[in-house]
Structure formats: structure tokens, C-alpha cells
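What's in query_34.cif: mmCIF, N, CA, C and O atoms
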```
data_input
loop_
_atom_site.group_PDB
_atom_site.id
_atom_site.type_symbol
_atom_site.label_atom_id
_atom_site.label_comp_id
_atom_site.auth_asym_id
_atom_site.auth_seq_id
_atom_site.Cartn_x
_atom_site.Cartn_y
_atom_site.Cartn_z
ATOM 1 N N ALA J 128 147.334 364.856 233.484
ATOM 2 C CA ALA J 128 148.338 364.117 234.232
ATOM 3 C C ALA J 128 149.742 364.566 233.829
ATOM 4 O O ALA J 128 150.628 364.671 234.675
ATOM 5 N N THR J 129 149.911 364.846 232.531
ATOM 6 C CA THR J 129 151.224 365.304 232.071
ATOM 7 C C THR J 129 151.549 366.681 232.629
ATOM 8 O O THR J 129 152.691 366.941 233.035
ATOM 9 N N LEU J 130 150.563 367.563 232.693
ATOM 10 C CA LEU J 130 150.793 368.897 233.259
ATOM 11 C C LEU J 130 151.147 368.813 234.744
ATOM 12 O O LEU J 130 152.031 369.532 235.216
ATOM 13 N N GLY J 131 150.463 367.958 235.470
ATOM 14 C CA GLY J 131 150.758 367.779 236.887
ATOM 15 C C GLY J 131 152.144 367.207 237.095
ATOM 16 O O GLY J 131 152.889 367.650 237.986
ATOM 17 N N SER J 132 152.526 366.227 236.285
ATOM 18 C CA SER J 132 153.868 365.646 236.372
ATOM 19 C C SER J 132 154.930 366.684 236.048
ATOM 20 O O SER J 132 155.966 366.757 236.716
ATOM 21 N N THR J 133 154.662 367.492 235.036
ATOM 22 C CA THR J 133 155.616 368.532 234.651
ATOM 23 C C THR J 133 155.744 369.592 235.738
ATOM 24 O O THR J 133 156.851 370.064 236.038
ATOM 25 N N ALA J 134 154.632 369.963 236.354
ATOM 26 C CA ALA J 134 154.679 370.951 237.440
ATOM 27 C C ALA J 134 155.501 370.428 238.610
ATOM 28 O O ALA J 134 156.329 371.163 239.181
ATOM 29 N N LEU J 135 155.313 369.166 238.979
ATOM 30 C CA LEU J 135 156.104 368.583 240.062
ATOM 31 C C LEU J 135 157.564 368.496 239.668
ATOM 32 O O LEU J 135 158.450 368.816 240.470
ATOM 33 N N PHE J 136 157.837 368.101 238.437
ATOM 34 C CA PHE J 136 159.205 368.028 237.918
ATOM 35 C C PHE J 136 159.909 369.379 238.060
ATOM 36 O O PHE J 136 161.018 369.465 238.581
ATOM 37 N N LEU J 137 159.250 370.441 237.608
ATOM 38 C CA LEU J 137 159.847 371.778 237.671
ATOM 39 C C LEU J 137 160.004 372.271 239.105
ATOM 40 O O LEU J 137 161.011 372.895 239.450
ATOM 41 N N ALA J 138 159.013 371.990 239.947
ATOM 42 C CA ALA J 138 159.104 372.408 241.348
ATOM 43 C C ALA J 138 160.264 371.728 242.050
ATOM 44 O O ALA J 138 161.017 372.373 242.795
ATOM 45 N N ILE J 139 160.432 370.446 241.810
ATOM 46 C CA ILE J 139 161.530 369.720 242.444
ATOM 47 C C ILE J 139 162.864 370.190 241.888
ATOM 48 O O ILE J 139 163.804 370.440 242.640
ATOM 49 N N ARG J 140 162.947 370.311 240.589
ATOM 50 C CA ARG J 140 164.232 370.663 239.970
ATOM 51 C C ARG J 140 164.704 372.064 240.362
ATOM 52 O O ARG J 140 165.879 372.264 240.654
ATOM 53 N N TYR J 141 163.798 373.032 240.395
ATOM 54 C CA TYR J 141 164.235 374.414 240.582
ATOM 55 C C TYR J 141 163.947 375.003 241.957
ATOM 56 O O TYR J 141 164.512 376.040 242.296
ATOM 57 N N ILE J 142 163.096 374.380 242.747
ATOM 58 C CA ILE J 142 162.758 374.960 244.048
ATOM 59 C C ILE J 142 163.272 374.107 245.206
ATOM 60 O O ILE J 142 163.963 374.609 246.080
ATOM 61 N N ALA J 143 162.934 372.831 245.207
ATOM 62 C CA ALA J 143 163.228 372.000 246.372
ATOM 63 C C ALA J 143 164.242 370.899 246.091
ATOM 64 O O ALA J 143 164.354 369.956 246.869
ATOM 65 N N GLY J 144 164.982 371.010 245.019
ATOM 66 C CA GLY J 144 165.887 369.943 244.612
ATOM 67 C C GLY J 144 166.924 369.555 245.636
ATOM 68 O O GLY J 144 167.145 368.378 245.907
ATOM 69 N N SER J 145 167.566 370.523 246.256
ATOM 70 C CA SER J 145 168.628 370.197 247.208
ATOM 71 C C SER J 145 168.091 369.513 248.462
ATOM 72 O O SER J 145 168.739 368.621 249.020
ATOM 73 N N ASP J 146 166.913 369.900 248.898
ATOM 74 C CA ASP J 146 166.316 369.257 250.072
ATOM 75 C C ASP J 146 165.869 367.834 249.761
ATOM 76 O O ASP J 146 166.029 366.928 250.582
ATOM 77 N N ILE J 147 165.323 367.628 248.598
ATOM 78 C CA ILE J 147 164.816 366.314 248.208
ATOM 79 C C ILE J 147 165.961 365.342 247.943
ATOM 80 O O ILE J 147 165.836 364.149 248.198
ATOM 81 N N LYS J 148 167.092 365.835 247.439
ATOM 82 C CA LYS J 148 168.235 364.964 247.170
ATOM 83 C C LYS J 148 168.666 364.205 248.418
ATOM 84 O O LYS J 148 169.096 363.060 248.334
ATOM 85 N N ALA J 149 168.558 364.818 249.555
ATOM 86 C CA ALA J 149 168.938 364.150 250.804
ATOM 87 C C ALA J 149 168.016 362.970 251.103
ATOM 88 O O ALA J 149 168.463 361.940 251.609
ATOM 89 N N TRP J 150 166.741 363.078 250.776
ATOM 90 C CA TRP J 150 165.788 362.000 251.048
ATOM 91 C C TRP J 150 165.981 360.815 250.102
ATOM 92 O O TRP J 150 165.838 359.672 250.504
ATOM 93 N N TYR J 151 166.270 361.098 248.833
ATOM 94 C CA TYR J 151 166.392 360.047 247.827
ATOM 95 C C TYR J 151 167.852 359.768 247.471
ATOM 96 O O TYR J 151 168.142 359.298 246.379
ATOM 97 N N LYS J 152 168.753 360.057 248.382
ATOM 98 C CA LYS J 152 170.191 359.951 248.143
ATOM 99 C C LYS J 152 170.606 358.566 247.644
ATOM 100 O O LYS J 152 171.441 358.442 246.763
ATOM 101 N N SER J 153 170.017 357.512 248.173
ATOM 102 C CA SER J 153 170.424 356.160 247.780
ATOM 103 C C SER J 153 169.863 355.730 246.429
ATOM 104 O O SER J 153 170.436 354.880 245.758
ATOM 105 N N LYS J 154 168.757 356.299 246.002
ATOM 106 C CA LYS J 154 168.120 355.891 244.757
ATOM 107 C C LYS J 154 168.596 356.684 243.534
ATOM 108 O O LYS J 154 168.497 356.210 242.416
ATOM 109 N N ILE J 155 169.112 357.877 243.748
ATOM 110 C CA ILE J 155 169.493 358.749 242.635
ATOM 111 C C ILE J 155 170.599 358.155 241.764
ATOM 112 O O ILE J 155 170.460 358.143 240.540
ATOM 113 N N PRO J 156 171.700 357.635 242.321
ATOM 114 C CA PRO J 156 172.748 357.086 241.443
ATOM 115 C C PRO J 156 172.265 355.911 240.590
ATOM 116 O O PRO J 156 172.613 355.812 239.415
ATOM 117 N N THR J 157 171.444 355.053 241.152
ATOM 118 C CA THR J 157 170.911 353.917 240.398
ATOM 119 C C THR J 157 170.023 354.397 239.263
ATOM 120 O O THR J 157 170.146 353.934 238.120
ATOM 121 N N PHE J 158 169.122 355.322 239.561
ATOM 122 C CA PHE J 158 168.224 355.862 238.537
ATOM 123 C C PHE J 158 169.019 356.543 237.436
ATOM 124 O O PHE J 158 168.764 356.317 236.251
ATOM 125 N N ASN J 159 170.004 357.361 237.795
ATOM 126 C CA ASN J 159 170.805 358.068 236.799
ATOM 127 C C ASN J 159 171.598 357.096 235.928
ATOM 128 O O ASN J 159 171.722 357.291 234.722
ATOM 129 N N HIS J 160 172.131 356.046 236.543
ATOM 130 C CA HIS J 160 172.890 355.050 235.775
ATOM 131 C C HIS J 160 171.984 354.345 234.761
ATOM 132 O O HIS J 160 172.346 354.186 233.595
ATOM 133 N N LEU J 161 170.813 353.925 235.204
ATOM 134 C CA LEU J 161 169.882 353.257 234.292
ATOM 135 C C LEU J 161 169.383 354.206 233.212
ATOM 136 O O LEU J 161 169.190 353.808 232.063
ATOM 137 N N LEU J 162 169.190 355.458 233.555
ATOM 138 C CA LEU J 162 168.750 356.448 232.573
ATOM 139 C C LEU J 162 169.838 356.693 231.533
ATOM 140 O O LEU J 162 169.552 356.804 230.340
ATOM 141 N N LYS J 163 171.099 356.748 231.962
ATOM 142 C CA LYS J 163 172.203 356.919 231.010
ATOM 143 C C LYS J 163 172.386 355.684 230.136
ATOM 144 O O LYS J 163 172.686 355.790 228.958
ATOM 145 N N THR J 164 172.203 354.512 230.724
ATOM 146 C CA THR J 164 172.397 353.267 229.986
ATOM 147 C C THR J 164 171.301 353.033 228.957
ATOM 148 O O THR J 164 171.574 352.703 227.807
ATOM 149 N N TYR J 165 170.054 353.197 229.374
ATOM 150 C CA TYR J 165 168.923 352.866 228.507
ATOM 151 C C TYR J 165 168.210 354.084 227.929
ATOM 152 O O TYR J 165 167.277 353.929 227.143
ATOM 153 N N GLY J 166 168.591 355.261 228.346
ATOM 154 C CA GLY J 166 168.010 356.485 227.803
ATOM 155 C C GLY J 166 166.545 356.654 228.171
ATOM 156 O O GLY J 166 166.092 356.235 229.237
ATOM 157 N N THR J 167 165.824 357.243 227.259
ATOM 158 C CA THR J 167 164.414 357.536 227.515
ATOM 159 C C THR J 167 163.561 356.274 227.581
ATOM 160 O O THR J 167 162.463 356.309 228.119
ATOM 161 N N GLN J 168 164.072 355.170 227.067
ATOM 162 C CA GLN J 168 163.338 353.903 227.143
ATOM 163 C C GLN J 168 163.093 353.509 228.595
ATOM 164 O O GLN J 168 162.043 352.964 228.921
ATOM 165 N N TYR J 169 164.060 353.779 229.461
ATOM 166 C CA TYR J 169 163.908 353.440 230.877
ATOM 167 C C TYR J 169 162.764 354.228 231.507
ATOM 168 O O TYR J 169 161.913 353.666 232.194
ATOM 169 N N LEU J 170 162.724 355.524 231.251
ATOM 170 C CA LEU J 170 161.641 356.351 231.779
ATOM 171 C C LEU J 170 160.298 355.908 231.198
ATOM 172 O O LEU J 170 159.299 355.834 231.918
ATOM 173 N N PHE J 171 160.281 355.586 229.930
ATOM 174 C CA PHE J 171 159.058 355.116 229.281
ATOM 175 C C PHE J 171 158.571 353.812 229.924
ATOM 176 O O PHE J 171 157.384 353.650 230.198
ATOM 177 N N ILE J 172 159.466 352.888 230.177
ATOM 178 C CA ILE J 172 159.103 351.611 230.812
ATOM 179 C C ILE J 172 158.544 351.854 232.211
ATOM 180 O O ILE J 172 157.572 351.219 232.625
ATOM 181 N N LEU J 173 159.145 352.778 232.958
ATOM 182 C CA LEU J 173 158.625 353.095 234.294
ATOM 183 C C LEU J 173 157.205 353.653 234.214
ATOM 184 O O LEU J 173 156.376 353.381 235.083
ATOM 185 N N ARG J 174 156.916 354.416 233.182
ATOM 186 C CA ARG J 174 155.571 354.975 233.006
ATOM 187 C C ARG J 174 154.577 353.881 232.612
ATOM 188 O O ARG J 174 153.461 353.839 233.112
ATOM 189 N N ILE J 175 154.981 353.018 231.706
ATOM 190 C CA ILE J 175 154.080 351.973 231.204
ATOM 191 C C ILE J 175 153.769 350.939 232.283
ATOM 192 O O ILE J 175 152.610 350.579 232.498
ATOM 193 N N LEU J 176 154.803 350.445 232.960
ATOM 194 C CA LEU J 176 154.618 349.355 233.923
ATOM 195 C C LEU J 176 154.041 349.807 235.255
ATOM 196 O O LEU J 176 153.486 349.000 235.983
ATOM 197 N N GLN J 177 154.205 351.053 235.588
ATOM 198 C CA GLN J 177 153.697 351.627 236.838
ATOM 199 C C GLN J 177 154.150 350.825 238.060
ATOM 200 O O GLN J 177 153.368 350.552 238.974
ATOM 201 N N ILE J 178 155.410 350.433 238.065
ATOM 202 C CA ILE J 178 155.983 349.715 239.206
ATOM 203 C C ILE J 178 156.090 350.652 240.405
ATOM 204 O O ILE J 178 155.798 350.274 241.533
ATOM 205 N N PHE J 179 156.515 351.861 240.139
ATOM 206 C CA PHE J 179 156.658 352.875 241.177
ATOM 207 C C PHE J 179 155.563 353.922 240.993
ATOM 208 O O PHE J 179 155.135 354.180 239.871
ATOM 209 N N PRO J 180 155.141 354.552 242.068
ATOM 210 C CA PRO J 180 154.158 355.635 241.926
ATOM 211 C C PRO J 180 154.707 356.756 241.036
ATOM 212 O O PRO J 180 155.908 357.004 241.010
ATOM 213 N N PHE J 181 153.813 357.398 240.306
ATOM 214 C CA PHE J 181 154.228 358.452 239.381
ATOM 215 C C PHE J 181 155.019 359.555 240.073
ATOM 216 O O PHE J 181 155.977 360.069 239.517
ATOM 217 N N PHE J 182 154.627 359.929 241.276
ATOM 218 C CA PHE J 182 155.321 361.041 241.927
ATOM 219 C C PHE J 182 156.776 360.687 242.232
ATOM 220 O O PHE J 182 157.646 361.543 242.186
ATOM 221 N N VAL J 183 157.075 359.430 242.506
ATOM 222 C CA VAL J 183 158.460 359.019 242.763
ATOM 223 C C VAL J 183 159.274 359.111 241.475
ATOM 224 O O VAL J 183 160.399 359.611 241.485
ATOM 225 N N VAL J 184 158.701 358.670 240.369
ATOM 226 C CA VAL J 184 159.383 358.768 239.077
ATOM 227 C C VAL J 184 159.598 360.232 238.716
ATOM 228 O O VAL J 184 160.669 360.608 238.224
ATOM 229 N N ASN J 185 158.613 361.087 238.983
ATOM 230 C CA ASN J 185 158.754 362.523 238.703
ATOM 231 C C ASN J 185 159.894 363.123 239.513
ATOM 232 O O ASN J 185 160.686 363.904 238.998
ATOM 233 N N ILE J 186 159.960 362.768 240.777
ATOM 234 C CA ILE J 186 161.005 363.312 241.653
ATOM 235 C C ILE J 186 162.378 362.854 241.198
ATOM 236 O O ILE J 186 163.308 363.661 241.067
ATOM 237 N N LEU J 187 162.535 361.559 240.944
ATOM 238 C CA LEU J 187 163.837 361.046 240.509
ATOM 239 C C LEU J 187 164.243 361.618 239.159
ATOM 240 O O LEU J 187 165.413 361.927 238.933
ATOM 241 N N ALA J 188 163.290 361.792 238.265
ATOM 242 C CA ALA J 188 163.600 362.386 236.962
ATOM 243 C C ALA J 188 164.031 363.840 237.112
ATOM 244 O O ALA J 188 164.940 364.297 236.423
ATOM 245 N N ALA J 189 163.395 364.561 238.029
ATOM 246 C CA ALA J 189 163.761 365.966 238.241
ATOM 247 C C ALA J 189 165.174 366.098 238.803
ATOM 248 O O ALA J 189 165.862 367.080 238.544
ATOM 249 N N LEU J 190 165.615 365.097 239.544
ATOM 250 C CA LEU J 190 166.951 365.128 240.122
ATOM 251 C C LEU J 190 168.011 364.558 239.189
ATOM 252 O O LEU J 190 169.184 364.554 239.513
ATOM 253 N N SER J 191 167.588 364.096 238.030
ATOM 254 C CA SER J 191 168.513 363.547 237.045
ATOM 255 C C SER J 191 168.815 364.607 235.988
ATOM 256 O O SER J 191 168.164 365.649 235.940
ATOM 257 N N PRO J 192 169.769 364.324 235.103
ATOM 258 C CA PRO J 192 170.101 365.315 234.064
ATOM 259 C C PRO J 192 169.187 365.288 232.841
ATOM 260 O O PRO J 192 169.498 365.898 231.830
ATOM 261 N N ILE J 193 168.046 364.635 232.908
ATOM 262 C CA ILE J 193 167.138 364.546 231.765
ATOM 263 C C ILE J 193 166.600 365.936 231.401
ATOM 264 O O ILE J 193 166.340 366.760 232.271
ATOM 265 N N ARG J 194 166.445 366.172 230.108
ATOM 266 C CA ARG J 194 165.920 367.457 229.641
ATOM 267 C C ARG J 194 164.417 367.531 229.872
ATOM 268 O O ARG J 194 163.720 366.522 229.841
ATOM 269 N N LEU J 195 163.914 368.733 230.086
ATOM 270 C CA LEU J 195 162.491 368.946 230.345
ATOM 271 C C LEU J 195 161.637 368.459 229.178
ATOM 272 O O LEU J 195 160.645 367.757 229.382
ATOM 273 N N PHE J 196 162.008 368.820 227.948
ATOM 274 C CA PHE J 196 161.223 368.418 226.789
ATOM 275 C C PHE J 196 161.142 366.892 226.681
ATOM 276 O O PHE J 196 160.076 366.340 226.393
ATOM 277 N N THR J 197 162.248 366.216 226.929
ATOM 278 C CA THR J 197 162.260 364.753 226.882
ATOM 279 C C THR J 197 161.335 364.178 227.940
ATOM 280 O O THR J 197 160.568 363.255 227.677
ATOM 281 N N PHE J 198 161.393 364.735 229.143
ATOM 282 C CA PHE J 198 160.515 364.285 230.220
ATOM 283 C C PHE J 198 159.048 364.449 229.840
ATOM 284 O O PHE J 198 158.242 363.546 230.056
ATOM 285 N N ILE J 199 158.703 365.577 229.231
ATOM 286 C CA ILE J 199 157.305 365.853 228.893
ATOM 287 C C ILE J 199 156.783 364.872 227.840
ATOM 288 O O ILE J 199 155.722 364.278 228.027
ATOM 289 N N TRP J 200 157.526 364.673 226.754
ATOM 290 C CA TRP J 200 156.976 363.795 225.701
ATOM 291 C C TRP J 200 156.960 362.337 226.132
ATOM 292 O O TRP J 200 156.041 361.606 225.786
ATOM 293 N N VAL J 201 157.965 361.893 226.889
ATOM 294 C CA VAL J 201 157.957 360.509 227.363
ATOM 295 C C VAL J 201 156.808 360.299 228.347
ATOM 296 O O VAL J 201 156.111 359.275 228.314
ATOM 297 N N THR J 202 156.574 361.270 229.220
ATOM 298 C CA THR J 202 155.474 361.172 230.173
ATOM 299 C C THR J 202 154.136 361.165 229.462
ATOM 300 O O THR J 202 153.264 360.348 229.774
ATOM 301 N N ALA J 203 153.949 362.044 228.482
ATOM 302 C CA ALA J 203 152.674 362.101 227.767
ATOM 303 C C ALA J 203 152.374 360.795 227.048
ATOM 304 O O ALA J 203 151.268 360.261 227.150
ATOM 305 N N ILE J 204 153.353 360.244 226.373
ATOM 306 C CA ILE J 204 153.139 358.984 225.650
ATOM 307 C C ILE J 204 152.986 357.827 226.631
ATOM 308 O O ILE J 204 152.130 356.957 226.443
ATOM 309 N N GLY J 205 153.777 357.815 227.681
ATOM 310 C CA GLY J 205 153.705 356.734 228.670
ATOM 311 C C GLY J 205 152.402 356.700 229.427
ATOM 312 O O GLY J 205 151.897 355.627 229.778
ATOM 313 N N ILE J 206 151.823 357.837 229.691
ATOM 314 C CA ILE J 206 150.547 357.888 230.409
ATOM 315 C C ILE J 206 149.395 357.425 229.518
ATOM 316 O O ILE J 206 148.458 356.800 229.985
ATOM 317 N N ILE J 207 149.503 357.732 228.234
ATOM 318 C CA ILE J 207 148.437 357.316 227.317
ATOM 319 C C ILE J 207 148.367 355.814 227.288
ATOM 320 O O ILE J 207 147.359 355.188 227.335
#
```
Can you dump the structure from the file as C-alpha cells?
Amino acid sequence: ATLGSTALFLAIRYIAGSDIKAWYKSKIPTFNHLLKTYGTQYLFILRILQIFPFFVVNILAALSPIRLFTFIWVTAIGII
């Protein structure tokens, strides 16, 4: 699951990021603000609670300034 999330993260960030930003335009500022305010804890909570589907969290994370390594370890621990 972590490898699949990472593959989607990288695909969105480096291949389709500009196209996807238009679709999630209204959600990106909110996600980025919460990520800056609460840091990796916010991403971890999203993984644990599963309020949103994983692919939505992957897409929003790829469009945020979060580092790849941080995304991978938070996702791995959150999925467990």
C-alpha cells in the first residue's frame, strides 16, 4: 500500500501536477494550511482516521510542499 501511495504521489507531483491542481483548486490551500500548522501529524491523522479515501490524500499531499521521505514514512506508519 505504501509503494502504491508513493507511486501515485510521484506521478501526480512530477507528471500530472498542473492538470490535477485545477481539479482540486479549492481544497489545496486548506490542506496546505493545515499541513503547515500541524505538520506531519495532520497527514498521520488523515491516514489513521481514513476520513478521506487514500487516493485523495495522496493527490493533495503530492500537490503540497511535503517532502517525499516524510510522505513515505508517515504513510507507512499510518497504514499499519
Compile the contact shell of Lys152 in chain J as a PDB file with N, CA, C and O atoms, in the frame of the given file: residues with an atom at most 12 Å away, counting only C-alpha atoms, same-chain residues fewer than 6 positions apart removed.
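As written to disk, selection-v9.pdb reads:
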```
ATOM      1  N   GLY J 144     164.982 371.010 245.019  1.00  0.00           N
ATOM      2  CA  GLY J 144     165.887 369.943 244.612  1.00  0.00           C
ATOM      3  C   GLY J 144     166.924 369.555 245.636  1.00  0.00           C
ATOM      4  O   GLY J 144     167.145 368.378 245.907  1.00  0.00           O
ATOM      5  N   SER J 145     167.566 370.523 246.256  1.00  0.00           N
ATOM      6  CA  SER J 145     168.628 370.197 247.208  1.00  0.00           C
ATOM      7  C   SER J 145     168.091 369.513 248.462  1.00  0.00           C
ATOM      8  O   SER J 145     168.739 368.621 249.020  1.00  0.00           O
ATOM      9  N   ASP J 146     166.913 369.900 248.898  1.00  0.00           N
ATOM     10  CA  ASP J 146     166.316 369.257 250.072  1.00  0.00           C
ATOM     11  C   ASP J 146     165.869 367.834 249.761  1.00  0.00           C
ATOM     12  O   ASP J 146     166.029 366.928 250.582  1.00  0.00           O
ATOM     13  N   PHE J 158     169.122 355.322 239.561  1.00  0.00           N
ATOM     14  CA  PHE J 158     168.224 355.862 238.537  1.00  0.00           C
ATOM     15  C   PHE J 158     169.019 356.543 237.436  1.00  0.00           C
ATOM     16  O   PHE J 158     168.764 356.317 236.251  1.00  0.00           O
ATOM     17  N   ASN J 159     170.004 357.361 237.795  1.00  0.00           N
ATOM     18  CA  ASN J 159     170.805 358.068 236.799  1.00  0.00           C
ATOM     19  C   ASN J 159     171.598 357.096 235.928  1.00  0.00           C
ATOM     20  O   ASN J 159     171.722 357.291 234.722  1.00  0.00           O
ATOM     21  N   ILE J 186     159.960 362.768 240.777  1.00  0.00           N
ATOM     22  CA  ILE J 186     161.005 363.312 241.653  1.00  0.00           C
ATOM     23  C   ILE J 186     162.378 362.854 241.198  1.00  0.00           C
ATOM     24  O   ILE J 186     163.308 363.661 241.067  1.00  0.00           O
ATOM     25  N   LEU J 187     162.535 361.559 240.944  1.00  0.00           N
ATOM     26  CA  LEU J 187     163.837 361.046 240.509  1.00  0.00           C
ATOM     27  C   LEU J 187     164.243 361.618 239.159  1.00  0.00           C
ATOM     28  O   LEU J 187     165.413 361.927 238.933  1.00  0.00           O
ATOM     29  N   LEU J 190     165.615 365.097 239.544  1.00  0.00           N
ATOM     30  CA  LEU J 190     166.951 365.128 240.122  1.00  0.00           C
ATOM     31  C   LEU J 190     168.011 364.558 239.189  1.00  0.00           C
ATOM     32  O   LEU J 190     169.184 364.554 239.513  1.00  0.00           O
ATOM     33  N   SER J 191     167.588 364.096 238.030  1.00  0.00           N
ATOM     34  CA  SER J 191     168.513 363.547 237.045  1.00  0.00           C
ATOM     35  C   SER J 191     168.815 364.607 235.988  1.00  0.00           C
ATOM     36  O   SER J 191     168.164 365.649 235.940  1.00  0.00           O
TER      37      SER J 191
END
```
Write out as an MDAnalysis selection string all residues of chain J that backbone DSSP assigns to alpha helix (DSSP H). chainID J and resid 129:141 144:150 155:165 167:176 181:189 195:206
Expressed in Å to a single decimal, how great is the separation between atom N of Thr164 in chain J and CA of Ile178 in chain J?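 Interatomic distance here is 18.9 Å.
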Name the closest residue to Phe182 in chain J among the candidates J:Phe136, J:Tyr141, J:Trp150, J:Phe196; distances are taken between atoms, counting only N, CA, C and O atoms. J:Phe136
From the list J:Arg194, J:Ile199, J:Thr157, J:Ser132, which residue is nearest Pro180 in chain J when using only C-alpha atoms?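 Distance minimum relative to Pro180 in chain J lands on J:Ser132.
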Grab the atom C of Leu137 in chain J to atom C of Leu195 in chain J distance for me, in Å with one decimal place.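 Answer for the atom C of Leu137 in chain J to atom C of Leu195 in chain J separation: 10.8 Å.
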If I only have part of range 181-188 of chain J, can you fill in all heavy atoms and write it as a tab-separated table (two decimals), in the frame of the given file?
```tsv
chain	number	residue	atom	x	y	z
J	181	PHE	N	153.81	357.40	240.31
J	181	PHE	CA	154.23	358.45	239.38
J	181	PHE	C	155.02	359.56	240.07
J	181	PHE	O	155.98	360.07	239.52
J	181	PHE	CB	153.02	359.06	238.68
J	181	PHE	CG	152.62	358.35	237.43
J	181	PHE	CD1	153.22	357.18	237.03
J	181	PHE	CD2	151.64	358.88	236.62
J	181	PHE	CE1	152.85	356.53	235.87
J	181	PHE	CE2	151.26	358.25	235.45
J	181	PHE	CZ	151.87	357.08	235.08
J	182	PHE	N	154.63	359.93	241.28
J	182	PHE	CA	155.32	361.04	241.93
J	182	PHE	C	156.78	360.69	242.23
J	182	PHE	O	157.65	361.54	242.19
J	182	PHE	CB	154.58	361.51	243.19
J	182	PHE	CG	154.76	360.64	244.39
J	182	PHE	CD1	155.76	360.90	245.31
J	182	PHE	CD2	153.91	359.57	244.62
J	182	PHE	CE1	155.92	360.11	246.42
J	182	PHE	CE2	154.05	358.77	245.73
J	182	PHE	CZ	155.07	359.04	246.64
J	183	VAL	N	157.07	359.43	242.51
J	183	VAL	CA	158.46	359.02	242.76
J	183	VAL	C	159.27	359.11	241.48
J	183	VAL	O	160.40	359.61	241.48
J	183	VAL	CB	158.51	357.58	243.35
J	183	VAL	CG1	159.95	357.09	243.44
J	183	VAL	CG2	157.85	357.53	244.70
J	184	VAL	N	158.70	358.67	240.37
J	184	VAL	CA	159.38	358.77	239.08
J	184	VAL	C	159.60	360.23	238.72
J	184	VAL	O	160.67	360.61	238.22
J	184	VAL	CB	158.58	358.03	237.98
J	184	VAL	CG1	159.24	358.21	236.62
J	184	VAL	CG2	158.44	356.56	238.32
J	185	ASN	N	158.61	361.09	238.98
J	185	ASN	CA	158.75	362.52	238.70
J	185	ASN	C	159.89	363.12	239.51
J	185	ASN	O	160.69	363.90	239.00
J	185	ASN	CB	157.46	363.26	239.03
J	185	ASN	CG	156.32	362.87	238.15
J	185	ASN	OD1	156.51	362.31	237.08
J	185	ASN	ND2	155.11	363.13	238.59
J	186	ILE	N	159.96	362.77	240.78
J	186	ILE	CA	161.00	363.31	241.65
J	186	ILE	C	162.38	362.85	241.20
J	186	ILE	O	163.31	363.66	241.07
J	186	ILE	CB	160.74	362.91	243.12
J	186	ILE	CG1	159.51	363.65	243.65
J	186	ILE	CG2	161.96	363.20	243.99
J	186	ILE	CD1	159.01	363.15	244.99
J	187	LEU	N	162.54	361.56	240.94
J	187	LEU	CA	163.84	361.05	240.51
J	187	LEU	C	164.24	361.62	239.16
J	187	LEU	O	165.41	361.93	238.93
J	187	LEU	CB	163.81	359.52	240.47
J	187	LEU	CG	163.73	358.84	241.83
J	187	LEU	CD1	163.57	357.34	241.66
J	187	LEU	CD2	164.94	359.16	242.69
J	188	ALA	N	163.29	361.79	238.26
J	188	ALA	CA	163.60	362.39	236.96
J	188	ALA	C	164.03	363.84	237.11
J	188	ALA	O	164.94	364.30	236.42
J	188	ALA	CB	162.40	362.28	236.03
```
